[in-house]
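Here is the structure we will look at.
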Amino acid sequence: MFEASAIFAVGLCLLIWSADRLVYGAVAIARNLGISSLVIGMTIIAMGSSTPELMVSAAAALSGKTDTAVGNVLGSNITNITLILGVTALIKPLFVSSGVIHRELLLMLTVTLISGAVLWDNRLDYYEGILLMVLFVGFLLIMLKAGKNSGESDTTLATQKAETRQDTSNLAAIMWVIIGFFFLIFSAGIVVDSAVVIATVFGMSDLVIGLTIVAVGTSLPELAASIASVLKGEDDLAVGNIIGSNIFNILAVMGIPAILNSSVINPLAMGRDFFVMLAVSVLLFLFAIGKSRVISRWEGVALLVCFGGYQGYLLTNMTT
């Protein structure tokens, strides 16, 4: 058990590091090829922090653990809103001003409802995965268009541009992409295999292991990014990081396992965990569009209470 936990921790650290290196190299190549910072920010950077969820879910699906893949998606989205935004709001109340963010909020709620339609029959099917991936491409196109229309004045996009300033040669950038991709695949396999061992020891179901330690672990990049953003005074970026990650998780991170391993899933994914994800998504929407447009410290506490209560419930019902 101790050995499996240590391997899981090492695999998780390697997963996060390799995702960062992959994004670093991809951004450098894009800039060297003359691709605009705006396009880079709205695509590569926006998706980068969710790469661990993507690789873990794909590895889980290929290992026949589709419940873990689905649990990772639902659990990561719940964790992003309740834990990460809760902690971030405690550090500093979040003022949500960006027009792009408000459009993304509506998109996030729409995509969340779409995930319910996909899960309602307790199956993930190949054609549903294709549909989710098509919608993902559509989301990217919408955000790129919205970003171009918003111009330089948008706080989120301006910050994303600043984050993409790299001074790296093409050779070095390509090497980072190759290294990052290789270690992403390797570390994702380690995380899934060690998680299965831990789950077996504690009698945890595949769904619960995805909802708890895998979901929280793969959400660490979002936590780091959001805290860094709010400490720099970029509240919109902190919130936008979470919204974009949740959309990416549902469309791409759930879509790929559906394509790789269509199968029946635990009914509780739809009957319990989807509704928790929907409830906290609506809660975030209400916090963000209020008259003050501020996610206050008290609201941050409320989100953290939701996180603690949900995780506590799961850990006392580990076998379901």
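By convention in this document, the chains of the structure tokens carry letters A, B, ... by their order, each chain's residues are numbered from 1, and ligands are numbered from 1 in the order they are shown.
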Quick one: residues within 9 Å of region 219-231 of chain A, only C-alpha atoms counted, chain neighbours fewer than 5 positions away excluded, as number ranges by chain? A: 16, 20, 48-50, 52-53, 76-77, 79-80, 83-85, 87-89, 91-94, 214, 236-242, 245
Just list the residues in region 91-236 of chain A DSSP gives strand (DSSP E or B) on the backbone, as a PyMOL selection string. chain A and resi 94-95+123-124
Print the selection's residues with N, CA and C atoms to a file, as a CSV table (one decimal), in the first residue's frame.
chain,number,residue,atom,x,y,z
A,94,LEU,N,-12.6,37.4,-5.8
A,94,LEU,CA,-12.4,37.4,-7.2
A,94,LEU,C,-13.4,38.3,-7.9
A,95,PHE,N,-12.9,39.3,-8.6
A,95,PHE,CA,-13.8,40.2,-9.4
A,95,PHE,C,-13.8,39.7,-10.8
A,123,ARG,N,-24.2,4.8,-20.3
A,123,ARG,CA,-23.2,4.3,-21.3
A,123,ARG,C,-22.4,5.4,-21.9
A,124,LEU,N,-21.2,5.0,-22.3
A,124,LEU,CA,-20.4,5.9,-23.1
A,124,LEU,C,-20.2,5.2,-24.4
In region 234-271 of chain A, DSSP alpha helix (DSSP H) residues written as a PyMOL selection string: chain A and resi 235-248+255-260+268
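One distance worth recording is that between CA of Ala288 (chain A) and CA of Trp120 (chain A), which is 28.3 Å.
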Option closest in space to Asn317 (chain A), from A:Met204, A:Ile174, A:Ile243, A:Met277 [counting only C-alpha atoms]: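 Once distances to Asn317 (chain A) are computed over only C-alpha atoms, the minimum belongs to A:Met204.
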Can you list, as a VMD selection string, every protein, DNA or RNA residue that comes within 6 Å of Ala215 (chain A) when you count only C-alpha atoms, leaving out same-chain residues fewer than 2 positions away? chain A and resid 72 75 to 76 210 to 213 217 to 218
Neighbouring residues of region 99-116 of chain A were defined as those with any atom within 9 Å, considering only C-alpha atoms; residues of the same chain fewer than 2 positions away were excluded. Please report them as number ranges by chain. A: 96-97, 118-120, 132, 135, 139, 143, 146-147, 150, 154, 156-157, 236-237, 239-240, 243-244, 246-247, 250-251, 254, 270, 274-275, 277-278, 281-282, 284-285, 288-289
Do you have the CA of Ser18 (chain A)-CA of Ser63 (chain A) distance handy?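 Separation between CA of Ser18 (chain A) and CA of Ser63 (chain A): 21.2 Å.
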Just want the 10 Å neighbourhood of Ser194 (chain A), counted on only C-alpha atoms, with same-chain residues fewer than 5 positions away dropped. Output as a VMD selection string. chain A and resid 1 3 to 9 11 189 199 to 200
